[in-house]
Amino acid sequence: MLALLRRESIYPGVRESLACFLHSRREDRALTMLERQLADVCLSAVPSQVEAAVLLEGFEHFTAARKRLMFDTYLMVLGATPPDEKVDLSAVAYHGQASWVGVTLSAVKILHAYGRGRPDLVSEQDREFLVSRVKAGSRREVWEGHLSAHLLALHAVTRFLPGSRLVREDIDRILQHRNPDGGLPFITDMTVWLTALAGSALTKVNADPAVLQRMGDYLAIHQAPDGGWSYTESVAQTDVDDTTCSAEFLAALNPSRYAEELHRAARYLTRIANQDGGFPTYRRGHTSEATMTANAISALAPDWDRHAALLEPAVDFLLQAQKPDGTFERSWSSADAYAISRVLHALSLAPHRHVARFQTGIARVSTLALRFLEGTQNPDGGWGHRSGGPSDPISTAHALTASLPSGSAPWRLSAVRYLMDQQDPDGGFTSIPDQAAPRPIPYDFPVLADIFVLKALGSTLHLLSQGARPAERAS
């Protein structure tokens with residue numbers, strides 16, 4: 001936004017406010033090197049030369065190549081790097097992607113072409129695609145609620161429609177979402193996803209049934225026509241994560257009341273399952289992910305007999321997805337323990353009569369994952385995002401949740417004590433950000449700490465009350 005306002009030579013007061021926010025945050029120890037470098041580049045009168053490949057060193061994900069291209073574009077827009085002449089713009093395919101990914105890649109293609117002085121490398125269809133999406137393609141005032149994609153799109157529009165009223169009007173819409181600290185979030189909110197997660201946590205602690213029903217009815221209202229859910233209200237792009245989290249909560253809350261919504265969600269998941277048995281985040285044919293597959297199993301498990309043909313290949317996929325150290329690809333979380341917790345929970349739901357042939361594999365996966373967690377627990381009883389990292393409540397909650405399907409775990413009580421010691425006076429918890437999107441930039445919804453810790457402690461309390469050893473119950 002700061003770079004765009006400078007380019008348009010408008011709103012000097014807002015530019016100063018944005019710059020003040022960046023100045024105030026650049027020394028924050030919680031910032032990643034990538035975030036700090038982007039801030040430094042934006043604030044420098046003569047930006048230093050830096051490459052996205054250096055900033056993303058160590059970033060492991062199946063989208064890594066696309067992310068390098070995206071961050072190369074960010075750096076180019078901020079004046080830190082010239083356009084990469086080696087990028088084959090004809091290979092930048094923006095169709096068939098999640099809605100905001102399509103807009104982002106379209107903008108990337110246009111920005112690189114115009115940056116090279118080669119507008120002939122983009123077609124009129126390329127420009128029309130971008131303008132049509134930004135102008136009238138979303139039910140939100142910000143494109144799909146996604147400020148990051150919308151801003152990059154506006155940068156691209158200024159290259160071929162300089163002085164456009166569209167750009168000025170959209171700048172005003174986006175600026176309405178400035179936070180009190182002067183900065184901007186990368187999305188407007190995540191109300192649907194947070195409600196689903198909070199609902200699942202509250203079902204573990206016998207919360208007020210009237211409150212839970214209001215939450216369930218809210219989710220039912222916001223189910224999309226395709227049977228899925230998106231991350232927040234009035235966003236067209238649905239996904240497996242939000243769909244499975246919503247369905248899992250509704251099934252736990254009242255499967256009879258929400259039978260139609262659960263049936264539609266199951267049809268959605270059936271359509272999106274990949275041939276390898278796994279589930280992607282957004283669209284069939286995209287790379288399958290362990291966490292999404294585990295979430296799909298958890299959502300469909302209450303009706304295993306009906307969905308066995310879908311669930312058994314999903315179990316098989318998970319058994320093949322584990323890394324030698326016991327971890328899984330982390331998906332949208334920054335913490336190793338999150339994917340482990342979701343996979344072990346999903347595997348624990350498989351009825352023996354359906355997956356007897358998988359029992360050896362399930363035992364192997366569980367043993368290896370729990371051995372990893374035991375070996376990476378910090379002396380204070382908690383876990384960090386990665387092995388050796390400082391403990392934080394969210395990562396510890398994920399690790400504690402992962403231990404529950406196994407029955408007894410010798411390190412469980414020290415994890416509970418760590419979490420109890422971290423509770424704030426108001427009853428909540430404070431943690432470093434866990435989620436990462438646009439990957440690998442972390443984003444912080446503080447309520448996630450409360451949600452994940454409540455779910456972990458509530459589930460642990462339920463387990464101990466049902467059949468833990470006397471010594472564990474006493475502790």
# chains A, B, ... in the order shown; residues from 1 in each chain; ligands from 1
call {"tool": "residues_around", "arguments": {"residues": "Leu454 in chain A", "least_positions_apart": "4", "cutoff": "7 Å", "atoms": "only C-alpha atoms", "output": "MDAnalysis selection string"}}
result
chainID A and resid 201 450 458
call {"tool": "write_last_selection", "arguments": {"atoms": "all heavy atoms", "output": "CSV table (one decimal), in the first residue's frame"}}
result
chain,number,residue,atom,x,y,z
A,201,ALA,N,-13.7,-26.4,20.0
A,201,ALA,CA,-13.1,-26.3,21.3
A,201,ALA,C,-14.1,-26.2,22.4
A,201,ALA,O,-14.0,-26.9,23.5
A,201,ALA,CB,-12.2,-25.1,21.4
A,450,ASP,N,-6.2,-19.0,22.5
A,450,ASP,CA,-7.3,-19.4,23.4
A,450,ASP,C,-8.0,-20.6,22.9
A,450,ASP,O,-8.3,-21.6,23.6
A,450,ASP,CB,-8.4,-18.3,23.5
A,450,ASP,CG,-7.8,-17.0,24.0
A,450,ASP,OD1,-6.7,-17.0,24.7
A,450,ASP,OD2,-8.3,-15.9,23.7
A,458,GLY,N,-9.4,-29.2,27.3
A,458,GLY,CA,-10.7,-29.8,27.4
A,458,GLY,C,-10.7,-31.2,27.0
A,458,GLY,O,-11.3,-32.1,27.7
call {"tool": "closest_atom_pairs", "arguments": {"of": "range 435-462 of chain A", "to": "range 143-161 of chain A", "cutoff": "12 Å", "atoms": "only C-alpha atoms", "output": "Markdown table"}}
result
| residue | atom | partner | partner_atom | distance |
| --- | --- | --- | --- | --- |
| A:Ala437 | CA | A:Ser148 | CA | 10.1 |
| A:Pro438 | CA | A:Ser148 | CA | 8.3 |
| A:Arg439 | CA | A:Ser148 | CA | 11.9 |
| A:Ile441 | CA | A:Ser148 | CA | 11.5 |
call {"tool": "write_last_selection", "arguments": {"atoms": "all heavy atoms", "output": "compact mmCIF listing (two decimals), in the first residue's frame"}}
result
# COMPACT_ATOMS: atom_id res chain seq x y z
N ALA A 437 0.26 -17.39 5.95
CA ALA A 437 -0.31 -17.17 4.63
C ALA A 437 -0.38 -15.68 4.38
O ALA A 437 -0.85 -14.96 5.24
CB ALA A 437 -1.71 -17.77 4.54
N PRO A 438 0.09 -15.11 3.27
CA PRO A 438 0.67 -15.90 2.19
C PRO A 438 1.99 -16.54 2.64
O PRO A 438 2.89 -15.86 3.09
CB PRO A 438 0.91 -14.88 1.08
CG PRO A 438 1.00 -13.57 1.79
CD PRO A 438 0.11 -13.68 2.98
N ARG A 439 1.97 -17.85 2.58
CA ARG A 439 3.12 -18.61 3.05
C ARG A 439 4.40 -18.02 2.45
O ARG A 439 4.45 -17.81 1.24
CB ARG A 439 2.96 -20.08 2.67
CG ARG A 439 1.76 -20.74 3.34
CD ARG A 439 1.61 -22.19 2.95
NE ARG A 439 0.53 -22.39 2.00
CZ ARG A 439 -0.05 -23.57 1.78
NH1 ARG A 439 0.32 -24.62 2.43
NH2 ARG A 439 -1.01 -23.69 0.89
N ILE A 441 4.72 -15.95 5.33
CA ILE A 441 4.58 -14.82 6.26
C ILE A 441 3.55 -15.17 7.32
O ILE A 441 2.40 -15.48 7.00
CB ILE A 441 4.16 -13.54 5.51
CG1 ILE A 441 5.27 -13.10 4.55
CG2 ILE A 441 3.87 -12.42 6.49
CD1 ILE A 441 4.93 -11.85 3.76
call {"tool": "atom_distance", "arguments": {"atom1": "CA of Met33 in chain A", "atom2": "CA of Leu55 in chain A"}}
result
7.1 Å
call {"tool": "residues_around", "arguments": {"residues": "Ala65 in chain A", "least_positions_apart": "3", "cutoff": "12 Å", "atoms": "only C-alpha atoms", "output": "ChimeraX atom specification"}}
result
/A:52-53,56-57,59-62,68-72,87,92,439
call {"tool": "select_by_dssp", "arguments": {"residues": "range 372-445 of chain A", "states": "strand (DSSP E)", "output": "PyMOL selection string"}}
result
chain A and resi 435-436+442-443
call {"tool": "residues_around", "arguments": {"residues": "Met292 in chain A", "least_positions_apart": "2", "cutoff": "9 Å", "atoms": "only C-alpha atoms", "output": "PyMOL selection string"}}
result
chain A and resi 240-241+244+278-281+288-290+294-297+331+342
call {"tool": "atom_distance", "arguments": {"atom1": "CA of Leu404 in chain A", "atom2": "CA of Thr460 in chain A"}}
result
6.8 Å
call {"tool": "residues_around", "arguments": {"residues": "Leu344 in chain A", "least_positions_apart": "6", "cutoff": "12 Å", "atoms": "only C-alpha atoms", "output": "NGL selection string"}}
result
:A and (290-291 or 293-295 or 297-298 or 315 or 318-319 or 322 or 326-328 or 337-338 or 350 or 361-370 or 398-407)
call {"tool": "write_last_selection", "arguments": {"atoms": "C-alpha atoms", "output": "JSON list (two decimals), in the first residue's frame"}}
result
[["chain", "number", "residue", "atom", "x", "y", "z"],
["A", 290, "ALA", "CA", -1.45, -34.43, 4.75],
["A", 291, "THR", "CA", -3.27, -31.97, 7.01],
["A", 293, "THR", "CA", -6.46, -35.21, 4.12],
["A", 294, "ALA", "CA", -6.50, -35.74, 7.88],
["A", 295, "ASN", "CA", -9.14, -33.04, 8.27],
["A", 297, "ILE", "CA", -11.09, -38.03, 7.39],
["A", 298, "SER", "CA", -12.06, -36.38, 10.69],
["A", 315, "VAL", "CA", -5.80, -43.35, 5.28],
["A", 318, "LEU", "CA", -1.48, -40.45, 5.25],
["A", 319, "LEU", "CA", 0.55, -43.57, 5.92],
["A", 322, "GLN", "CA", 5.10, -39.15, 6.97],
["A", 326, "GLY", "CA", 8.04, -38.47, 12.21],
["A", 327, "THR", "CA", 6.71, -35.12, 10.99],
["A", 328, "PHE", "CA", 4.46, -34.20, 8.07],
["A", 337, "ALA", "CA", 3.00, -30.45, 15.99],
["A", 338, "TYR", "CA", -0.17, -29.23, 14.24],
["A", 350, "ALA", "CA", -10.67, -45.40, 11.65],
["A", 361, "GLY", "CA", 1.05, -48.78, 9.35],
["A", 362, "ILE", "CA", -1.06, -46.73, 11.75],
["A", 363, "ALA", "CA", 0.94, -48.05, 14.70],
["A", 364, "ARG", "CA", 4.20, -47.22, 12.93],
["A", 365, "VAL", "CA", 3.09, -43.67, 12.08],
["A", 366, "SER", "CA", 1.86, -43.02, 15.60],
["A", 367, "THR", "CA", 4.99, -44.38, 17.25],
["A", 368, "LEU", "CA", 7.29, -42.35, 15.04],
["A", 369, "ALA", "CA", 5.27, -39.13, 15.48],
["A", 370, "LEU", "CA", 5.07, -39.45, 19.26],
["A", 398, "HIS", "CA", -0.98, -28.98, 19.27],
["A", 399, "ALA", "CA", 1.55, -31.41, 20.80],
["A", 400, "LEU", "CA", -0.71, -32.15, 23.76],
["A", 401, "THR", "CA", -3.66, -32.79, 21.42],
["A", 402, "ALA", "CA", -1.47, -35.13, 19.36],
["A", 403, "SER", "CA", -0.76, -37.26, 22.43],
["A", 404, "LEU", "CA", -4.41, -37.91, 23.30],
["A", 405, "PRO", "CA", -5.27, -40.77, 20.88],
["A", 406, "SER", "CA", -2.32, -42.79, 22.17],
["A", 407, "GLY", "CA", -3.66, -43.18, 25.71]]
call {"tool": "closest_atom_pairs", "arguments": {"of": "range 105-221 of chain A", "to": "range 260-273 of chain A", "cutoff": "10 Å", "atoms": "only C-alpha atoms", "output": "tab-separated table"}}
result
residue	atom	partner	partner_atom	distance
A:Leu219	CA	A:Glu261	CA	9.3
A:Ala220	CA	A:Glu261	CA	6.5
A:Ile221	CA	A:Glu261	CA	9.4
call {"tool": "write_last_selection", "arguments": {"atoms": "all heavy atoms", "output": "compact mmCIF listing (two decimals), in the first residue's frame"}}
result
# COMPACT_ATOMS: atom_id res chain seq x y z
N LEU A 219 -22.77 -20.92 11.03
CA LEU A 219 -22.03 -21.65 10.00
C LEU A 219 -22.97 -22.22 8.94
O LEU A 219 -22.65 -22.20 7.74
CB LEU A 219 -21.20 -22.76 10.64
CG LEU A 219 -20.02 -22.32 11.50
CD1 LEU A 219 -19.35 -23.52 12.14
CD2 LEU A 219 -19.00 -21.54 10.67
N ALA A 220 -24.11 -22.73 9.37
CA ALA A 220 -25.06 -23.29 8.40
C ALA A 220 -25.51 -22.23 7.40
O ALA A 220 -25.63 -22.50 6.20
CB ALA A 220 -26.27 -23.87 9.14
N ILE A 221 -25.73 -21.02 7.88
CA ILE A 221 -26.15 -19.93 6.99
C ILE A 221 -25.07 -19.60 5.96
O ILE A 221 -25.38 -19.26 4.81
CB ILE A 221 -26.49 -18.68 7.83
CG1 ILE A 221 -27.78 -18.90 8.61
CG2 ILE A 221 -26.62 -17.44 6.95
CD1 ILE A 221 -28.07 -17.82 9.62
call {"tool": "atom_distance", "arguments": {"atom1": "CA of Arg178 in chain A", "atom2": "CA of Phe21 in chain A"}}
result
10.9 Å
call {"tool": "closest_atom_pairs", "arguments": {"of": "range 73-100 of chain A", "to": "range 40-44 of chain A", "cutoff": "12 Å", "atoms": "only C-alpha atoms", "output": "tab-separated table"}}
result
residue	atom	partner	partner_atom	distance
A:Tyr74	CA	A:Cys42	CA	10.0
A:Leu75	CA	A:Val41	CA	7.8
A:Met76	CA	A:Val41	CA	10.3
A:Val77	CA	A:Cys42	CA	9.4
A:Leu78	CA	A:Cys42	CA	5.8
A:Gly79	CA	A:Val41	CA	7.8
A:Ala80	CA	A:Val41	CA	6.4
A:Thr81	CA	A:Val41	CA	10.0
call {"tool": "select_by_dssp", "arguments": {"residues": "range 47-205 of chain A", "states": "alpha helix (DSSP H)", "output": "PyMOL selection string"}}
result
chain A and resi 52-55+64-77+99-115+124-136+147-160+165-175+191-203
call {"tool": "closest_residue", "arguments": {"among": "A:Pro83, A:Val235, A:Gln49, A:Glu329", "to": "Ser138 in chain A", "atoms": "only C-alpha atoms"}}
result
A:Val235
call {"tool": "residues_around", "arguments": {"residues": "Ser90 in chain A", "least_positions_apart": "2", "cutoff": "12 Å", "atoms": "only C-alpha atoms", "output": "compact mmCIF listing (two decimals) with N, CA and C atoms, in the first residue's frame"}}
result
# COMPACT_ATOMS: atom_id res chain seq x y z
N LYS A 86 14.67 -13.92 -16.81
CA LYS A 86 14.65 -15.37 -17.04
C LYS A 86 13.27 -15.98 -16.84
N VAL A 87 12.35 -15.23 -16.25
CA VAL A 87 11.01 -15.77 -16.02
C VAL A 87 10.26 -15.90 -17.34
N ASP A 88 9.79 -17.09 -17.63
CA ASP A 88 9.00 -17.33 -18.84
C ASP A 88 7.56 -16.92 -18.55
N VAL A 92 3.34 -18.52 -16.91
CA VAL A 92 2.65 -18.08 -15.70
C VAL A 92 1.15 -18.29 -15.93
N ALA A 93 0.64 -19.38 -15.40
CA ALA A 93 -0.76 -19.77 -15.64
C ALA A 93 -1.61 -19.37 -14.44
N TYR A 94 -2.57 -18.49 -14.68
CA TYR A 94 -3.40 -18.03 -13.57
C TYR A 94 -4.80 -18.64 -13.58
N LEU A 105 -1.26 -14.14 -9.67
CA LEU A 105 -0.40 -14.56 -10.79
C LEU A 105 -0.66 -13.71 -12.03
N SER A 106 -1.90 -13.31 -12.24
CA SER A 106 -2.19 -12.41 -13.35
C SER A 106 -1.44 -11.10 -13.18
N VAL A 108 1.26 -10.63 -11.38
CA VAL A 108 2.71 -10.92 -11.51
C VAL A 108 3.13 -10.90 -12.96
N LYS A 109 2.35 -11.54 -13.80
CA LYS A 109 2.68 -11.60 -15.23
C LYS A 109 2.73 -10.20 -15.83
N ILE A 110 1.73 -9.39 -15.52
CA ILE A 110 1.66 -8.04 -16.09
C ILE A 110 2.78 -7.16 -15.55
N HIS A 112 5.75 -7.98 -14.44
CA HIS A 112 7.05 -8.35 -15.01
C HIS A 112 7.16 -7.93 -16.47
N ALA A 113 6.09 -8.09 -17.22
CA ALA A 113 6.12 -7.70 -18.63
C ALA A 113 6.35 -6.20 -18.77
N ASP A 120 3.98 -6.13 -24.82
CA ASP A 120 3.51 -7.08 -25.82
C ASP A 120 3.50 -8.51 -25.30
N LEU A 121 4.14 -8.74 -24.16
CA LEU A 121 4.18 -10.09 -23.59
C LEU A 121 2.89 -10.44 -22.85
N VAL A 122 2.00 -9.48 -22.70
CA VAL A 122 0.68 -9.77 -22.12
C VAL A 122 -0.38 -9.47 -23.16
N SER A 123 -1.45 -10.20 -23.08
CA SER A 123 -2.53 -10.06 -24.05
C SER A 123 -3.63 -9.16 -23.49
N ASP A 126 -5.35 -10.97 -20.84
CA ASP A 126 -4.69 -10.90 -19.53
C ASP A 126 -5.14 -9.66 -18.77
call {"tool": "residues_around", "arguments": {"residues": "Val453 in chain A", "least_positions_apart": "6", "cutoff": "9 Å", "atoms": "only C-alpha atoms", "output": "PyMOL selection string"}}
result
chain A and resi 201+393-394+396-398+419+428-429
call {"tool": "write_last_selection", "arguments": {"atoms": "N, CA and C atoms", "output": "compact mmCIF listing (two decimals), in the first residue's frame"}}
result
# COMPACT_ATOMS: atom_id res chain seq x y z
N ALA A 201 -13.71 -26.39 19.99
CA ALA A 201 -13.07 -26.31 21.30
C ALA A 201 -14.10 -26.24 22.41
N PRO A 393 2.45 -21.34 23.63
CA PRO A 393 1.22 -22.06 23.98
C PRO A 393 0.55 -22.79 22.82
N ILE A 394 0.53 -22.20 21.62
CA ILE A 394 -0.18 -22.85 20.52
C ILE A 394 0.52 -24.14 20.11
N THR A 396 2.46 -25.96 21.88
CA THR A 396 2.32 -26.92 22.97
C THR A 396 0.92 -27.53 22.98
N ALA A 397 -0.09 -26.72 22.71
CA ALA A 397 -1.46 -27.24 22.63
C ALA A 397 -1.57 -28.27 21.51
N HIS A 398 -0.95 -28.01 20.37
CA HIS A 398 -0.98 -28.98 19.27
C HIS A 398 -0.32 -30.29 19.70
N LEU A 419 1.14 -25.25 30.02
CA LEU A 419 0.01 -24.44 29.56
C LEU A 419 -0.67 -23.73 30.73
N GLY A 428 -7.32 -15.95 29.23
CA GLY A 428 -6.86 -16.30 27.90
C GLY A 428 -5.40 -16.66 27.86
N PHE A 429 -4.87 -16.80 26.64
CA PHE A 429 -3.48 -17.16 26.44
C PHE A 429 -2.87 -16.26 25.35
call {"tool": "closest_residue", "arguments": {"among": "A:Val54, A:Leu166, A:Ala98, A:Ala30", "to": "Gly285 in chain A", "atoms": "only C-alpha atoms"}}
result
A:Ala98
call {"tool": "decode", "arguments": {"residues": "range 82-94 of chain A", "atoms": "all heavy atoms", "output": "PDB file, in the first residue's frame"}}
result
ATOM      1  N   PRO A  82      15.396  -5.596 -10.178  1.00  0.00           N
ATOM      2  CA  PRO A  82      14.850  -5.401 -11.525  1.00  0.00           C
ATOM      3  C   PRO A  82      14.002  -6.605 -11.910  1.00  0.00           C
ATOM      4  O   PRO A  82      14.054  -7.645 -11.244  1.00  0.00           O
ATOM      5  CB  PRO A  82      16.115  -5.321 -12.387  1.00  0.00           C
ATOM      6  CG  PRO A  82      17.105  -6.187 -11.672  1.00  0.00           C
ATOM      7  CD  PRO A  82      16.823  -6.002 -10.199  1.00  0.00           C
ATOM      8  N   PRO A  83      13.197  -6.479 -12.945  1.00  0.00           N
ATOM      9  CA  PRO A  83      12.428  -7.638 -13.415  1.00  0.00           C
ATOM     10  C   PRO A  83      13.354  -8.786 -13.802  1.00  0.00           C
ATOM     11  O   PRO A  83      14.438  -8.557 -14.348  1.00  0.00           O
ATOM     12  CB  PRO A  83      11.684  -7.100 -14.640  1.00  0.00           C
ATOM     13  CG  PRO A  83      11.712  -5.619 -14.485  1.00  0.00           C
ATOM     14  CD  PRO A  83      12.962  -5.279 -13.762  1.00  0.00           C
ATOM     15  N   ASP A  84      12.959  -9.983 -13.475  1.00  0.00           N
ATOM     16  CA  ASP A  84      13.764 -11.158 -13.787  1.00  0.00           C
ATOM     17  C   ASP A  84      13.538 -11.544 -15.248  1.00  0.00           C
ATOM     18  O   ASP A  84      12.457 -12.026 -15.610  1.00  0.00           O
ATOM     19  CB  ASP A  84      13.386 -12.309 -12.863  1.00  0.00           C
ATOM     20  CG  ASP A  84      14.323 -13.504 -12.996  1.00  0.00           C
ATOM     21  OD1 ASP A  84      15.108 -13.541 -13.965  1.00  0.00           O
ATOM     22  OD2 ASP A  84      14.263 -14.399 -12.137  1.00  0.00           O
ATOM     23  N   GLU A  85      14.549 -11.327 -16.061  1.00  0.00           N
ATOM     24  CA  GLU A  85      14.420 -11.612 -17.494  1.00  0.00           C
ATOM     25  C   GLU A  85      14.304 -13.101 -17.783  1.00  0.00           C
ATOM     26  O   GLU A  85      13.888 -13.501 -18.870  1.00  0.00           O
ATOM     27  CB  GLU A  85      15.643 -11.040 -18.243  1.00  0.00           C
ATOM     28  CG  GLU A  85      15.812  -9.537 -18.120  1.00  0.00           C
ATOM     29  CD  GLU A  85      14.795  -8.776 -18.959  1.00  0.00           C
ATOM     30  OE1 GLU A  85      14.178  -9.406 -19.839  1.00  0.00           O
ATOM     31  OE2 GLU A  85      14.625  -7.564 -18.726  1.00  0.00           O
ATOM     32  N   LYS A  86      14.673 -13.923 -16.810  1.00  0.00           N
ATOM     33  CA  LYS A  86      14.654 -15.367 -17.044  1.00  0.00           C
ATOM     34  C   LYS A  86      13.273 -15.981 -16.841  1.00  0.00           C
ATOM     35  O   LYS A  86      13.038 -17.127 -17.211  1.00  0.00           O
ATOM     36  CB  LYS A  86      15.654 -16.053 -16.101  1.00  0.00           C
ATOM     37  CG  LYS A  86      17.110 -15.697 -16.384  1.00  0.00           C
ATOM     38  CD  LYS A  86      18.046 -16.391 -15.421  1.00  0.00           C
ATOM     39  CE  LYS A  86      17.876 -15.830 -14.011  1.00  0.00           C
ATOM     40  NZ  LYS A  86      18.877 -16.410 -13.065  1.00  0.00           N
ATOM     41  N   VAL A  87      12.355 -15.226 -16.254  1.00  0.00           N
ATOM     42  CA  VAL A  87      11.014 -15.766 -16.018  1.00  0.00           C
ATOM     43  C   VAL A  87      10.263 -15.897 -17.336  1.00  0.00           C
ATOM     44  O   VAL A  87      10.144 -14.924 -18.097  1.00  0.00           O
ATOM     45  CB  VAL A  87      10.216 -14.861 -15.053  1.00  0.00           C
ATOM     46  CG1 VAL A  87       8.779 -15.363 -14.930  1.00  0.00           C
ATOM     47  CG2 VAL A  87      10.879 -14.824 -13.687  1.00  0.00           C
ATOM     48  N   ASP A  88       9.791 -17.092 -17.633  1.00  0.00           N
ATOM     49  CA  ASP A  88       9.001 -17.331 -18.841  1.00  0.00           C
ATOM     50  C   ASP A  88       7.562 -16.920 -18.547  1.00  0.00           C
ATOM     51  O   ASP A  88       6.801 -17.673 -17.933  1.00  0.00           O
ATOM     52  CB  ASP A  88       9.083 -18.803 -19.238  1.00  0.00           C
ATOM     53  CG  ASP A  88       8.276 -19.123 -20.488  1.00  0.00           C
ATOM     54  OD1 ASP A  88       7.744 -18.176 -21.118  1.00  0.00           O
ATOM     55  OD2 ASP A  88       8.155 -20.321 -20.817  1.00  0.00           O
ATOM     56  N   LEU A  89       7.194 -15.734 -18.981  1.00  0.00           N
ATOM     57  CA  LEU A  89       5.872 -15.213 -18.654  1.00  0.00           C
ATOM     58  C   LEU A  89       4.749 -16.011 -19.317  1.00  0.00           C
ATOM     59  O   LEU A  89       3.624 -16.035 -18.821  1.00  0.00           O
ATOM     60  CB  LEU A  89       5.773 -13.739 -19.043  1.00  0.00           C
ATOM     61  CG  LEU A  89       6.739 -12.806 -18.289  1.00  0.00           C
ATOM     62  CD1 LEU A  89       6.487 -11.361 -18.681  1.00  0.00           C
ATOM     63  CD2 LEU A  89       6.589 -12.977 -16.785  1.00  0.00           C
ATOM     64  N   SER A  90       5.055 -16.660 -20.419  1.00  0.00           N
ATOM     65  CA  SER A  90       4.022 -17.470 -21.083  1.00  0.00           C
ATOM     66  C   SER A  90       3.660 -18.687 -20.240  1.00  0.00           C
ATOM     67  O   SER A  90       2.601 -19.290 -20.434  1.00  0.00           O
ATOM     68  CB  SER A  90       4.506 -17.925 -22.464  1.00  0.00           C
ATOM     69  OG  SER A  90       5.618 -18.816 -22.355  1.00  0.00           O
ATOM     70  N   ALA A  91       4.527 -19.028 -19.271  1.00  0.00           N
ATOM     71  CA  ALA A  91       4.276 -20.193 -18.423  1.00  0.00           C
ATOM     72  C   ALA A  91       3.580 -19.814 -17.119  1.00  0.00           C
ATOM     73  O   ALA A  91       3.274 -20.682 -16.308  1.00  0.00           O
ATOM     74  CB  ALA A  91       5.593 -20.902 -18.110  1.00  0.00           C
ATOM     75  N   VAL A  92       3.342 -18.519 -16.913  1.00  0.00           N
ATOM     76  CA  VAL A  92       2.647 -18.077 -15.703  1.00  0.00           C
ATOM     77  C   VAL A  92       1.151 -18.289 -15.928  1.00  0.00           C
ATOM     78  O   VAL A  92       0.486 -17.477 -16.577  1.00  0.00           O
ATOM     79  CB  VAL A  92       2.964 -16.606 -15.379  1.00  0.00           C
ATOM     80  CG1 VAL A  92       2.185 -16.154 -14.137  1.00  0.00           C
ATOM     81  CG2 VAL A  92       4.452 -16.410 -15.170  1.00  0.00           C
ATOM     82  N   ALA A  93       0.638 -19.385 -15.395  1.00  0.00           N
ATOM     83  CA  ALA A  93      -0.756 -19.766 -15.639  1.00  0.00           C
ATOM     84  C   ALA A  93      -1.612 -19.371 -14.440  1.00  0.00           C
ATOM     85  O   ALA A  93      -1.411 -19.862 -13.334  1.00  0.00           O
ATOM     86  CB  ALA A  93      -0.848 -21.268 -15.881  1.00  0.00           C
ATOM     87  N   TYR A  94      -2.570 -18.491 -14.678  1.00  0.00           N
ATOM     88  CA  TYR A  94      -3.400 -18.033 -13.570  1.00  0.00           C
ATOM     89  C   TYR A  94      -4.800 -18.639 -13.583  1.00  0.00           C
ATOM     90  O   TYR A  94      -5.562 -18.446 -12.643  1.00  0.00           O
ATOM     91  CB  TYR A  94      -3.491 -16.500 -13.564  1.00  0.00           C
ATOM     92  CG  TYR A  94      -3.898 -15.862 -14.878  1.00  0.00           C
ATOM     93  CD1 TYR A  94      -5.233 -15.764 -15.252  1.00  0.00           C
ATOM     94  CD2 TYR A  94      -2.937 -15.338 -15.748  1.00  0.00           C
ATOM     95  CE1 TYR A  94      -5.610 -15.169 -16.434  1.00  0.00           C
ATOM     96  CE2 TYR A  94      -3.304 -14.740 -16.946  1.00  0.00           C
ATOM     97  CZ  TYR A  94      -4.638 -14.649 -17.287  1.00  0.00           C
ATOM     98  OH  TYR A  94      -5.007 -14.065 -18.475  1.00  0.00           O
TER      99      TYR A  94
END
